[in-house]
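Structure first, commentary second.
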Amino acid sequence: MKDTKIIQPVESCLNLAKQELLHGEIVAIPTETVYGLGADATNPHAIEKIFQVKGRPQDNPLIVHISDIQMIHRVVGVFSKTAQALAETFWPGPLTMVLPKHHSVPFEVSAGLDTVGVRMPSHQVARAFIRLCNVPIAAPSANLSGKPSPTKAQHVYQDLNGKISYIIDGGECAVGLESTVISVGDDEVTILRPGKITMDDLLHVVQTVKIDNGVFTKLEEHQPAASPGMKYKHYSPNAEIIMLDGTLAQFEQYVQRHLSDKTGVLVFDGEENRFSIPCVTYGEKDNSDQQAASLFDSLREIDKLGLKKVYARMPSKTGVGLAVYNRLVRACGFQMISLKRPIIIGLTGQTGSGKTTVSQIFSEHKVSVLNCDQIARQVIERPEVIEKLTGYFGTAILDQNQALNRKKLGNLVFGNAEYLSYLNHVMYPRITKVVEQQVQQLHQHGCKWILLDAPTLFESGINHICDYVVSVLAPKEIREDRIIKRDFISVFEAAKRMSAQHDDEFYSAQSDEVIKNDGSQEDLKEKTVQIIKKIKENINGDKA
Ligand code: TXA
Ligand code: MG
């Protein structure tokens, strides 16, 4: 058992670490990407210790780090023109090139391959230390194999306390994800592991950039890996992580419906207040650099919270985002659920408020309308439903042809809270199911926007499948006047119906948008069109 010390990068301490390294021991060093577990790359015994300490599979080769370009000739056999051009542009920096190995580099480093991964880190302390030792340093990330890579000296300590003597503290790693690994051809490269240096960056130097399959997909046991590291389950906390592909609203709903013991979420900065369960963030939604810098720390945070299951927001896959995605999808063991479906807007409001007119305006704007009243009328005609209802209410709700008489049923349940509650208990789950099926069908037909016209949106709980809720409200006198004319009912009847309705506050408190229908038809149309625009902008802005 070693006494592990975190040491500062001052001359006296670096000299101690140098002694240790040149004696064939291993030392944790900071780099701009992640902390590395360094050993003298020319010493096979020292290299073996790296594999032991990390618990790393033997077939996973290491990256060799150099401090200056002259050192490259001690590591690679052939330094091609393309490799030179890439080095000139990206070194020192987070790019690892897989090149033909120099004979002096032991096969322990390359895991038996004739090639070797090499990079010149930009972290000043890393380069100063390599220069001081005057040997190329082989270093994998300084985590226990399978754990998230360390981006702070403290992370290394958590994983390797007692196993190594020195951790050189170089502060928090600026990039936060491991280097981009490429194989180098003639004016062509293939990305084996994405990182801070992106495809677009590389295209400034070479004609062609390919991305290896292993970047996106899980390699099966028997499949050969261009970069052996890509086949292992990496970066994973103890918790099961599942990536959800969809909008924030879809994410929220999914999580709400799948809550279980010790469930948490991994979301973007600023989204925390939407959740009442443990929440870890990993940078702003549109800032891949920030996500890269935070991800590993956040994954470690998940373990500190003792979570069992974590749902994660999906990052963008462009630019540095590809690297973030690549690490996160591995942390998930490739578990990903697509929530992509049409955007659902719930429309509700008091009777006579002008909901129907509003839903017509939506449908003129390419939004498919599902009318929940219509669905309810179909559901209630089902033999199994009639059987249930007659079982409870008796045959008084049937007409002489044994068909359901809705008016009789209405009169019975209206004003009787217990009866109404039973009816709702039978109807709402069935209506919701039909709505979900119809949403699915519309989705399959390529529909992107659906309006659910539902007078009892909140009471039925259907608001929970909506991404957006809009209520239409109107002054009492206007509503009264409308329903008297529309339904040919008496003032008394109208008052009775209206007294059963919720007040404005009930609707506005639970809605994203409220349309006040207190002016002309033109005015209503104008307000509705503005809201449609706003919803489309908001939701399109929430890409995933
Ligand atoms: O940013 C980094 O690259 C960090 C810091 C410490 O420099 N190091 C790092 O090392 O991430 P490691 O061992 O965790 O990952 C090395 C990756 C593995 O995926 C490995 O398979 C690949 O580089 N690699 C190394 N040599 C290779 C070779 N000859 N051919 C193909 N892939 C290679
Ligand atoms: Mg690693």
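How things are named: the first chain in the structure tokens is A, the next is B, and so on; residues count from 1 in each chain; ligands count from 1 in the order shown.
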Just want the 8 Å neighbourhood of stretch 45-55 of chain A, counted on only C-alpha atoms, with same-chain residues fewer than 3 positions away dropped. Output as number ranges by chain.
A: 24-26, 37-41, 58, 108-109, 138, 142-145, 160, 163
Please write out the residues within 9 Å of ligand 2 as a PDB file with N, CA, C and O atoms, in the first residue's frame, counting only C-alpha atoms and all ligand atoms.
```pdb
ATOM      1  N   VAL A  34      -7.370  15.018 -19.893  1.00  0.00           N
ATOM      2  CA  VAL A  34      -7.698  14.371 -18.617  1.00  0.00           C
ATOM      3  C   VAL A  34      -6.366  14.037 -17.946  1.00  0.00           C
ATOM      4  O   VAL A  34      -5.315  14.155 -18.567  1.00  0.00           O
ATOM      5  N   GLY A  36      -3.352  11.731 -16.716  1.00  0.00           N
ATOM      6  CA  GLY A  36      -2.792  10.501 -17.259  1.00  0.00           C
ATOM      7  C   GLY A  36      -2.021   9.754 -16.175  1.00  0.00           C
ATOM      8  O   GLY A  36      -1.559  10.336 -15.196  1.00  0.00           O
ATOM      9  N   PRO A 140      -2.173   6.173 -20.060  1.00  0.00           N
ATOM     10  CA  PRO A 140      -3.617   6.124 -20.296  1.00  0.00           C
ATOM     11  C   PRO A 140      -4.273   7.112 -19.337  1.00  0.00           C
ATOM     12  O   PRO A 140      -3.588   7.696 -18.500  1.00  0.00           O
ATOM     13  N   SER A 141      -5.555   7.278 -19.420  1.00  0.00           N
ATOM     14  CA  SER A 141      -6.244   8.122 -18.453  1.00  0.00           C
ATOM     15  C   SER A 141      -6.093   7.502 -17.062  1.00  0.00           C
ATOM     16  O   SER A 141      -6.074   6.274 -16.925  1.00  0.00           O
ATOM     17  N   ALA A 142      -5.989   8.353 -16.032  1.00  0.00           N
ATOM     18  CA  ALA A 142      -5.598   7.884 -14.702  1.00  0.00           C
ATOM     19  C   ALA A 142      -6.784   7.463 -13.834  1.00  0.00           C
ATOM     20  O   ALA A 142      -6.847   7.776 -12.650  1.00  0.00           O
ATOM     21  N   ASN A 143      -7.731   6.781 -14.444  1.00  0.00           N
ATOM     22  CA  ASN A 143      -8.894   6.274 -13.709  1.00  0.00           C
ATOM     23  C   ASN A 143      -8.777   4.758 -13.572  1.00  0.00           C
ATOM     24  O   ASN A 143      -7.983   4.135 -14.286  1.00  0.00           O
ATOM     25  N   LEU A 144      -9.568   4.185 -12.677  1.00  0.00           N
ATOM     26  CA  LEU A 144      -9.691   2.727 -12.696  1.00  0.00           C
ATOM     27  C   LEU A 144     -10.388   2.368 -13.994  1.00  0.00           C
ATOM     28  O   LEU A 144     -11.287   3.089 -14.437  1.00  0.00           O
ATOM     29  N   SER A 145     -10.001   1.272 -14.603  1.00  0.00           N
ATOM     30  CA  SER A 145     -10.575   0.900 -15.889  1.00  0.00           C
ATOM     31  C   SER A 145     -12.101   0.837 -15.783  1.00  0.00           C
ATOM     32  O   SER A 145     -12.638   0.259 -14.830  1.00  0.00           O
ATOM     33  N   GLY A 146     -12.783   1.456 -16.744  1.00  0.00           N
ATOM     34  CA  GLY A 146     -14.249   1.431 -16.745  1.00  0.00           C
ATOM     35  C   GLY A 146     -14.885   2.626 -16.046  1.00  0.00           C
ATOM     36  O   GLY A 146     -16.064   2.889 -16.206  1.00  0.00           O
ATOM     37  N   LYS A 147     -14.125   3.366 -15.252  1.00  0.00           N
ATOM     38  CA  LYS A 147     -14.668   4.545 -14.551  1.00  0.00           C
ATOM     39  C   LYS A 147     -14.469   5.787 -15.411  1.00  0.00           C
ATOM     40  O   LYS A 147     -13.636   5.801 -16.316  1.00  0.00           O
ATOM     41  N   PRO A 148     -15.196   6.853 -15.107  1.00  0.00           N
ATOM     42  CA  PRO A 148     -14.998   8.083 -15.881  1.00  0.00           C
ATOM     43  C   PRO A 148     -13.554   8.576 -15.744  1.00  0.00           C
ATOM     44  O   PRO A 148     -12.958   8.468 -14.671  1.00  0.00           O
ATOM     45  N   SER A 149     -13.003   9.120 -16.819  1.00  0.00           N
ATOM     46  CA  SER A 149     -11.633   9.642 -16.758  1.00  0.00           C
ATOM     47  C   SER A 149     -11.569  10.809 -15.776  1.00  0.00           C
ATOM     48  O   SER A 149     -12.530  11.548 -15.612  1.00  0.00           O
ATOM     49  N   GLU A 178     -10.940  13.014 -23.304  1.00  0.00           N
ATOM     50  CA  GLU A 178      -9.667  12.554 -23.848  1.00  0.00           C
ATOM     51  C   GLU A 178      -9.476  13.047 -25.278  1.00  0.00           C
ATOM     52  O   GLU A 178     -10.425  13.383 -25.985  1.00  0.00           O
ATOM     53  N   GLY A 229      -9.597   0.560 -27.523  1.00  0.00           N
ATOM     54  CA  GLY A 229     -10.277   1.192 -26.384  1.00  0.00           C
ATOM     55  C   GLY A 229     -11.761   1.365 -26.608  1.00  0.00           C
ATOM     56  O   GLY A 229     -12.540   1.414 -25.661  1.00  0.00           O
ATOM     57  N   HIS A 234     -17.100   2.082 -21.091  1.00  0.00           N
ATOM     58  CA  HIS A 234     -16.238   3.096 -20.520  1.00  0.00           C
ATOM     59  C   HIS A 234     -17.016   4.062 -19.680  1.00  0.00           C
ATOM     60  O   HIS A 234     -18.212   4.165 -19.781  1.00  0.00           O
ATOM     61  N   TYR A 235     -16.276   4.857 -18.966  1.00  0.00           N
ATOM     62  CA  TYR A 235     -16.795   6.102 -18.412  1.00  0.00           C
ATOM     63  C   TYR A 235     -18.032   5.911 -17.577  1.00  0.00           C
ATOM     64  O   TYR A 235     -18.837   6.811 -17.448  1.00  0.00           O
TER      65      TYR A 235
END
```
Please, which residues have at least one atom within 6 Å of an atom of ligand 1, using only C-alpha atoms and all ligand atoms, listed as a ChimeraX atom specification?
/A:33-36,60-63,98,110,113,115-117,139-141,178-179,226-230
Filtering to all heavy atoms, could you give me those residues as a short mmCIF file (atom, residue, chain, number, x, y, z; two decimals), in the first residue's frame?
```cif
data_model
loop_
_atom_site.label_atom_id
_atom_site.label_comp_id
_atom_site.auth_asym_id
_atom_site.auth_seq_id
_atom_site.Cartn_x
_atom_site.Cartn_y
_atom_site.Cartn_z
N THR A 33 -6.42 17.43 -21.42
CA THR A 33 -7.62 16.62 -21.68
C THR A 33 -8.13 16.01 -20.38
O THR A 33 -9.14 16.44 -19.85
CB THR A 33 -7.31 15.52 -22.70
OG1 THR A 33 -6.21 14.73 -22.22
CG2 THR A 33 -7.00 16.10 -24.07
N VAL A 34 -7.37 15.02 -19.89
CA VAL A 34 -7.70 14.37 -18.62
C VAL A 34 -6.37 14.04 -17.95
O VAL A 34 -5.31 14.16 -18.57
CB VAL A 34 -8.51 13.06 -18.84
CG1 VAL A 34 -9.82 13.34 -19.55
CG2 VAL A 34 -7.70 12.01 -19.62
N TYR A 35 -6.40 13.62 -16.69
CA TYR A 35 -5.17 13.21 -16.02
C TYR A 35 -4.70 11.88 -16.60
O TYR A 35 -5.51 11.03 -16.96
CB TYR A 35 -5.37 13.09 -14.51
CG TYR A 35 -5.23 14.42 -13.79
CD1 TYR A 35 -6.23 15.38 -13.88
CD2 TYR A 35 -4.07 14.72 -13.08
CE1 TYR A 35 -6.09 16.61 -13.25
CE2 TYR A 35 -3.92 15.95 -12.43
CZ TYR A 35 -4.94 16.90 -12.53
OH TYR A 35 -4.79 18.11 -11.92
N GLY A 36 -3.35 11.73 -16.72
CA GLY A 36 -2.79 10.50 -17.26
C GLY A 36 -2.02 9.75 -16.17
O GLY A 36 -1.56 10.34 -15.20
N ASN A 60 -5.44 -3.29 -24.84
CA ASN A 60 -5.77 -1.88 -25.09
C ASN A 60 -4.49 -1.04 -25.02
O ASN A 60 -3.94 -0.83 -23.95
CB ASN A 60 -6.79 -1.40 -24.05
CG ASN A 60 -7.44 -0.09 -24.45
OD1 ASN A 60 -7.14 0.45 -25.52
ND2 ASN A 60 -8.30 0.42 -23.59
N PRO A 61 -4.01 -0.57 -26.19
CA PRO A 61 -2.71 0.11 -26.22
C PRO A 61 -2.73 1.48 -25.55
O PRO A 61 -3.78 2.08 -25.36
CB PRO A 61 -2.42 0.25 -27.71
CG PRO A 61 -3.76 0.20 -28.37
CD PRO A 61 -4.63 -0.66 -27.52
N LEU A 62 -1.54 1.95 -25.20
CA LEU A 62 -1.40 3.23 -24.50
C LEU A 62 -0.98 4.34 -25.46
O LEU A 62 -0.47 4.08 -26.55
CB LEU A 62 -0.33 3.12 -23.41
CG LEU A 62 -0.49 1.98 -22.41
CD1 LEU A 62 0.70 1.96 -21.46
CD2 LEU A 62 -1.80 2.14 -21.65
N ILE A 63 -1.18 5.57 -25.03
CA ILE A 63 -0.74 6.73 -25.80
C ILE A 63 0.60 7.19 -25.23
O ILE A 63 0.77 7.26 -24.01
CB ILE A 63 -1.79 7.86 -25.72
CG1 ILE A 63 -3.07 7.43 -26.46
CG2 ILE A 63 -1.24 9.16 -26.30
CD1 ILE A 63 -4.24 8.38 -26.28
N VAL A 98 -2.10 7.84 -34.58
CA VAL A 98 -1.63 6.45 -34.58
C VAL A 98 -0.69 6.30 -35.78
O VAL A 98 -1.10 6.46 -36.93
CB VAL A 98 -2.81 5.46 -34.67
CG1 VAL A 98 -2.31 4.04 -34.83
CG2 VAL A 98 -3.69 5.59 -33.42
N SER A 110 2.18 -0.82 -27.10
CA SER A 110 1.25 -0.83 -28.24
C SER A 110 0.31 -2.03 -28.21
O SER A 110 -0.44 -2.25 -29.16
CB SER A 110 2.03 -0.82 -29.55
OG SER A 110 2.74 -2.04 -29.69
N LEU A 113 0.67 -4.19 -31.21
CA LEU A 113 0.47 -3.62 -32.55
C LEU A 113 1.79 -3.03 -33.08
O LEU A 113 2.69 -2.71 -32.30
CB LEU A 113 -0.59 -2.51 -32.50
CG LEU A 113 -2.00 -2.92 -32.06
CD1 LEU A 113 -2.88 -1.68 -31.87
CD2 LEU A 113 -2.61 -3.87 -33.08
N THR A 115 1.77 -0.25 -34.56
CA THR A 115 1.56 1.20 -34.54
C THR A 115 1.56 1.68 -33.10
O THR A 115 1.39 0.90 -32.17
CB THR A 115 0.19 1.55 -35.16
OG1 THR A 115 -0.80 0.78 -34.50
CG2 THR A 115 0.18 1.29 -36.66
N VAL A 116 1.72 3.00 -32.95
CA VAL A 116 1.69 3.57 -31.61
C VAL A 116 0.92 4.89 -31.65
O VAL A 116 1.01 5.64 -32.62
CB VAL A 116 3.14 3.76 -31.07
CG1 VAL A 116 3.94 4.74 -31.94
CG2 VAL A 116 3.13 4.24 -29.62
N GLY A 117 0.15 5.14 -30.62
CA GLY A 117 -0.56 6.42 -30.50
C GLY A 117 0.36 7.42 -29.84
O GLY A 117 0.97 7.12 -28.82
N ALA A 139 0.97 7.04 -21.20
CA ALA A 139 -0.04 7.30 -20.17
C ALA A 139 -1.45 7.09 -20.68
O ALA A 139 -1.87 7.75 -21.62
CB ALA A 139 0.10 8.72 -19.64
N PRO A 140 -2.17 6.17 -20.06
CA PRO A 140 -3.62 6.12 -20.30
C PRO A 140 -4.27 7.11 -19.34
O PRO A 140 -3.59 7.70 -18.50
CB PRO A 140 -3.97 4.70 -19.91
CG PRO A 140 -3.03 4.38 -18.79
CD PRO A 140 -1.75 5.15 -19.07
N SER A 141 -5.55 7.28 -19.42
CA SER A 141 -6.24 8.12 -18.45
C SER A 141 -6.09 7.50 -17.06
O SER A 141 -6.07 6.27 -16.92
CB SER A 141 -7.71 8.26 -18.84
OG SER A 141 -8.27 6.99 -19.09
N GLU A 178 -10.94 13.01 -23.30
CA GLU A 178 -9.67 12.55 -23.85
C GLU A 178 -9.48 13.05 -25.28
O GLU A 178 -10.43 13.38 -25.99
CB GLU A 178 -9.58 11.03 -23.84
CG GLU A 178 -9.88 10.37 -22.51
CD GLU A 178 -11.35 10.16 -22.28
OE1 GLU A 178 -12.17 10.78 -22.99
OE2 GLU A 178 -11.69 9.37 -21.39
N SER A 179 -8.20 13.00 -25.70
CA SER A 179 -7.82 13.53 -27.01
C SER A 179 -8.55 12.84 -28.17
O SER A 179 -9.03 11.71 -28.04
CB SER A 179 -6.32 13.33 -27.20
OG SER A 179 -6.01 11.95 -27.11
N ALA A 226 -10.78 -0.78 -34.58
CA ALA A 226 -9.68 0.01 -35.11
C ALA A 226 -8.92 0.63 -33.94
O ALA A 226 -7.71 0.77 -33.95
CB ALA A 226 -10.21 1.10 -36.03
N SER A 227 -9.67 1.02 -32.92
CA SER A 227 -9.05 1.52 -31.70
C SER A 227 -9.55 0.63 -30.57
O SER A 227 -10.71 0.70 -30.19
CB SER A 227 -9.49 2.96 -31.47
OG SER A 227 -9.10 3.37 -30.19
N PRO A 228 -8.70 -0.25 -30.05
CA PRO A 228 -9.18 -1.25 -29.10
C PRO A 228 -9.96 -0.65 -27.94
O PRO A 228 -10.90 -1.26 -27.44
CB PRO A 228 -7.89 -1.90 -28.62
CG PRO A 228 -6.93 -1.71 -29.75
CD PRO A 228 -7.26 -0.38 -30.35
N GLY A 229 -9.60 0.56 -27.52
CA GLY A 229 -10.28 1.19 -26.38
C GLY A 229 -11.76 1.36 -26.61
O GLY A 229 -12.54 1.41 -25.66
N MET A 230 -12.21 1.45 -27.87
CA MET A 230 -13.60 1.74 -28.17
C MET A 230 -14.53 0.57 -27.89
O MET A 230 -15.74 0.71 -27.93
CB MET A 230 -13.76 2.17 -29.63
CG MET A 230 -12.99 3.41 -29.96
SD MET A 230 -13.56 4.79 -28.98
CE MET A 230 -14.73 5.45 -30.12
#
```
Which residues are close to stretch 347-358 of chain A, i.e. within 8 Å by only C-alpha atoms, leaving aside same-chain residues fewer than 5 positions away? Reply as a list in words.
Leu451, Leu452, Asp453, Ala454, Pro455, Thr456, Leu457, Val469, Val470, Ser471, Val472, Leu473, Ala474, Ile478, Arg479, Glu480, Arg482, Ile483, Met498, Gln501, His502, Tyr507, Asn517, Leu524, Lys525 and Thr528 of chain A
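Counting only C-alpha atoms and comparing A:Val125, A:Val255, A:Ile66, A:Ile462, the residue that lies closest to A:Ile345 is A:Ile462.
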DSSP on the backbone, helix (DSSP H, G or I) only: what residues of stretch 117-316 of chain A does that give? Format it as a short mmCIF file (atom, residue, chain, number, x, y, z; two decimals) with N, CA and C atoms, in the first residue's frame.
```
data_model
loop_
_atom_site.label_atom_id
_atom_site.label_comp_id
_atom_site.auth_asym_id
_atom_site.auth_seq_id
_atom_site.Cartn_x
_atom_site.Cartn_y
_atom_site.Cartn_z
N GLN A 124 1.18 22.87 -19.79
CA GLN A 124 2.58 23.26 -19.50
C GLN A 124 3.24 22.30 -18.54
N VAL A 125 2.51 21.88 -17.53
CA VAL A 125 3.10 21.01 -16.51
C VAL A 125 3.46 19.64 -17.11
N ALA A 126 2.57 19.14 -17.96
CA ALA A 126 2.84 17.84 -18.60
C ALA A 126 4.14 17.92 -19.40
N ARG A 127 4.23 18.96 -20.22
CA ARG A 127 5.43 19.05 -21.07
C ARG A 127 6.68 19.30 -20.25
N ALA A 128 6.56 20.14 -19.22
CA ALA A 128 7.73 20.42 -18.36
C ALA A 128 8.22 19.13 -17.71
N PHE A 129 7.26 18.30 -17.30
CA PHE A 129 7.63 17.05 -16.61
C PHE A 129 8.27 16.06 -17.58
N ILE A 130 7.72 15.94 -18.77
CA ILE A 130 8.30 15.01 -19.76
C ILE A 130 9.74 15.47 -20.10
N ARG A 131 9.86 16.79 -20.25
CA ARG A 131 11.18 17.37 -20.58
C ARG A 131 12.17 17.07 -19.45
N LEU A 132 11.70 17.24 -18.23
CA LEU A 132 12.56 17.01 -17.06
C LEU A 132 13.02 15.54 -17.01
N CYS A 133 12.09 14.63 -17.30
CA CYS A 133 12.43 13.20 -17.26
C CYS A 133 13.24 12.80 -18.49
N ALA A 153 -7.22 16.41 -9.88
CA ALA A 153 -6.29 15.58 -9.12
C ALA A 153 -7.06 14.73 -8.10
N GLN A 154 -8.11 15.32 -7.55
CA GLN A 154 -8.92 14.64 -6.55
C GLN A 154 -9.59 13.37 -7.12
N HIS A 155 -9.99 13.44 -8.39
CA HIS A 155 -10.59 12.25 -9.03
C HIS A 155 -9.58 11.10 -9.06
N VAL A 156 -8.33 11.44 -9.40
CA VAL A 156 -7.29 10.40 -9.48
C VAL A 156 -7.13 9.79 -8.09
N TYR A 157 -7.13 10.66 -7.09
CA TYR A 157 -6.96 10.21 -5.70
C TYR A 157 -8.08 9.23 -5.32
N GLN A 158 -9.31 9.60 -5.71
CA GLN A 158 -10.46 8.72 -5.40
C GLN A 158 -10.24 7.32 -5.95
N ASP A 159 -9.72 7.25 -7.19
CA ASP A 159 -9.58 5.94 -7.85
C ASP A 159 -8.32 5.19 -7.43
N LEU A 160 -7.22 5.92 -7.23
CA LEU A 160 -5.93 5.24 -7.12
C LEU A 160 -5.21 5.44 -5.79
N MET A 199 -13.78 17.03 -36.72
CA MET A 199 -13.69 16.70 -38.13
C MET A 199 -13.40 17.97 -38.95
N ASP A 200 -14.13 19.05 -38.64
CA ASP A 200 -13.93 20.30 -39.38
C ASP A 200 -12.52 20.84 -39.19
N ASP A 201 -12.01 20.74 -37.97
CA ASP A 201 -10.63 21.19 -37.71
C ASP A 201 -9.66 20.41 -38.60
N LEU A 202 -9.85 19.10 -38.64
CA LEU A 202 -8.92 18.24 -39.39
C LEU A 202 -8.99 18.52 -40.89
N LEU A 203 -10.19 18.87 -41.35
CA LEU A 203 -10.37 19.14 -42.78
C LEU A 203 -9.59 20.38 -43.25
N ASN A 213 -16.62 3.46 -37.57
CA ASN A 213 -17.92 2.97 -37.09
C ASN A 213 -18.04 2.88 -35.58
N GLY A 214 -16.95 2.51 -34.96
CA GLY A 214 -16.94 2.31 -33.51
C GLY A 214 -17.28 3.57 -32.73
N VAL A 215 -17.21 4.73 -33.39
CA VAL A 215 -17.51 5.99 -32.71
C VAL A 215 -19.00 6.06 -32.34
N PRO A 228 -8.70 -0.25 -30.05
CA PRO A 228 -9.18 -1.25 -29.10
C PRO A 228 -9.96 -0.65 -27.94
N GLY A 229 -9.60 0.56 -27.52
CA GLY A 229 -10.28 1.19 -26.38
C GLY A 229 -11.76 1.36 -26.61
N MET A 230 -12.21 1.45 -27.87
CA MET A 230 -13.60 1.74 -28.17
C MET A 230 -14.53 0.57 -27.89
N LYS A 231 -13.97 -0.60 -27.68
CA LYS A 231 -14.90 -1.73 -27.50
C LYS A 231 -15.30 -1.94 -26.04
N LEU A 248 -37.01 18.84 -24.20
CA LEU A 248 -37.01 18.90 -22.73
C LEU A 248 -38.37 18.48 -22.18
N ALA A 249 -39.44 18.93 -22.84
CA ALA A 249 -40.78 18.58 -22.37
C ALA A 249 -41.00 17.07 -22.44
N GLN A 250 -40.56 16.47 -23.54
CA GLN A 250 -40.72 15.02 -23.70
C GLN A 250 -39.89 14.28 -22.63
N PHE A 251 -38.71 14.81 -22.39
CA PHE A 251 -37.81 14.24 -21.39
C PHE A 251 -38.49 14.26 -20.01
N GLU A 252 -39.02 15.43 -19.66
CA GLU A 252 -39.66 15.61 -18.36
C GLU A 252 -40.79 14.61 -18.16
N GLN A 253 -41.62 14.50 -19.20
CA GLN A 253 -42.77 13.60 -19.09
C GLN A 253 -42.33 12.15 -18.93
N TYR A 254 -41.35 11.78 -19.74
CA TYR A 254 -40.89 10.40 -19.68
C TYR A 254 -40.37 10.08 -18.27
N VAL A 255 -39.57 11.00 -17.74
CA VAL A 255 -38.99 10.79 -16.42
C VAL A 255 -40.10 10.69 -15.36
N GLN A 256 -41.07 11.61 -15.46
CA GLN A 256 -42.19 11.61 -14.51
C GLN A 256 -42.88 10.26 -14.47
N ARG A 257 -43.02 9.66 -15.65
CA ARG A 257 -43.77 8.40 -15.73
C ARG A 257 -42.93 7.18 -15.39
N GLU A 272 -32.44 22.47 -14.13
CA GLU A 272 -32.61 21.81 -12.82
C GLU A 272 -33.97 22.07 -12.19
N ASN A 273 -34.45 23.33 -12.33
CA ASN A 273 -35.67 23.70 -11.61
C ASN A 273 -36.91 22.97 -12.12
N ARG A 274 -36.79 22.23 -13.22
CA ARG A 274 -37.94 21.48 -13.72
C ARG A 274 -38.11 20.14 -13.01
N SER A 288 -21.05 22.84 -26.32
CA SER A 288 -20.41 21.51 -26.27
C SER A 288 -19.09 21.55 -25.51
N ASP A 289 -18.36 22.66 -25.61
CA ASP A 289 -17.08 22.75 -24.88
C ASP A 289 -17.31 22.65 -23.38
N GLN A 290 -18.36 23.34 -22.94
CA GLN A 290 -18.70 23.29 -21.52
C GLN A 290 -19.12 21.89 -21.11
N GLN A 291 -19.91 21.25 -21.96
CA GLN A 291 -20.36 19.88 -21.66
C GLN A 291 -19.16 18.94 -21.56
N ALA A 292 -18.20 19.11 -22.50
CA ALA A 292 -17.01 18.27 -22.49
C ALA A 292 -16.27 18.46 -21.18
N ALA A 293 -16.13 19.71 -20.76
CA ALA A 293 -15.37 20.00 -19.54
C ALA A 293 -16.07 19.47 -18.29
N SER A 294 -17.40 19.39 -18.31
CA SER A 294 -18.13 18.98 -17.09
C SER A 294 -18.48 17.51 -17.02
N LEU A 295 -18.59 16.83 -18.19
CA LEU A 295 -19.23 15.51 -18.21
C LEU A 295 -18.67 14.52 -17.18
N PHE A 296 -17.36 14.34 -17.18
CA PHE A 296 -16.80 13.29 -16.31
C PHE A 296 -17.00 13.61 -14.84
N ASP A 297 -16.85 14.90 -14.50
CA ASP A 297 -17.08 15.30 -13.12
C ASP A 297 -18.54 15.00 -12.75
N SER A 298 -19.45 15.29 -13.67
CA SER A 298 -20.87 15.05 -13.42
C SER A 298 -21.16 13.56 -13.26
N LEU A 299 -20.51 12.73 -14.06
CA LEU A 299 -20.72 11.28 -13.95
C LEU A 299 -20.26 10.79 -12.57
N ARG A 300 -19.16 11.37 -12.09
CA ARG A 300 -18.69 10.99 -10.75
C ARG A 300 -19.66 11.48 -9.68
N GLU A 301 -20.24 12.64 -9.91
CA GLU A 301 -21.22 13.22 -8.98
C GLU A 301 -22.41 12.27 -8.80
N ILE A 302 -22.81 11.63 -9.89
CA ILE A 302 -23.94 10.70 -9.87
C ILE A 302 -23.69 9.58 -8.85
N ASP A 303 -22.46 9.11 -8.81
CA ASP A 303 -22.13 8.06 -7.85
C ASP A 303 -22.16 8.57 -6.43
N LYS A 304 -21.70 9.83 -6.25
CA LYS A 304 -21.70 10.40 -4.90
C LYS A 304 -23.11 10.48 -4.36
#
```
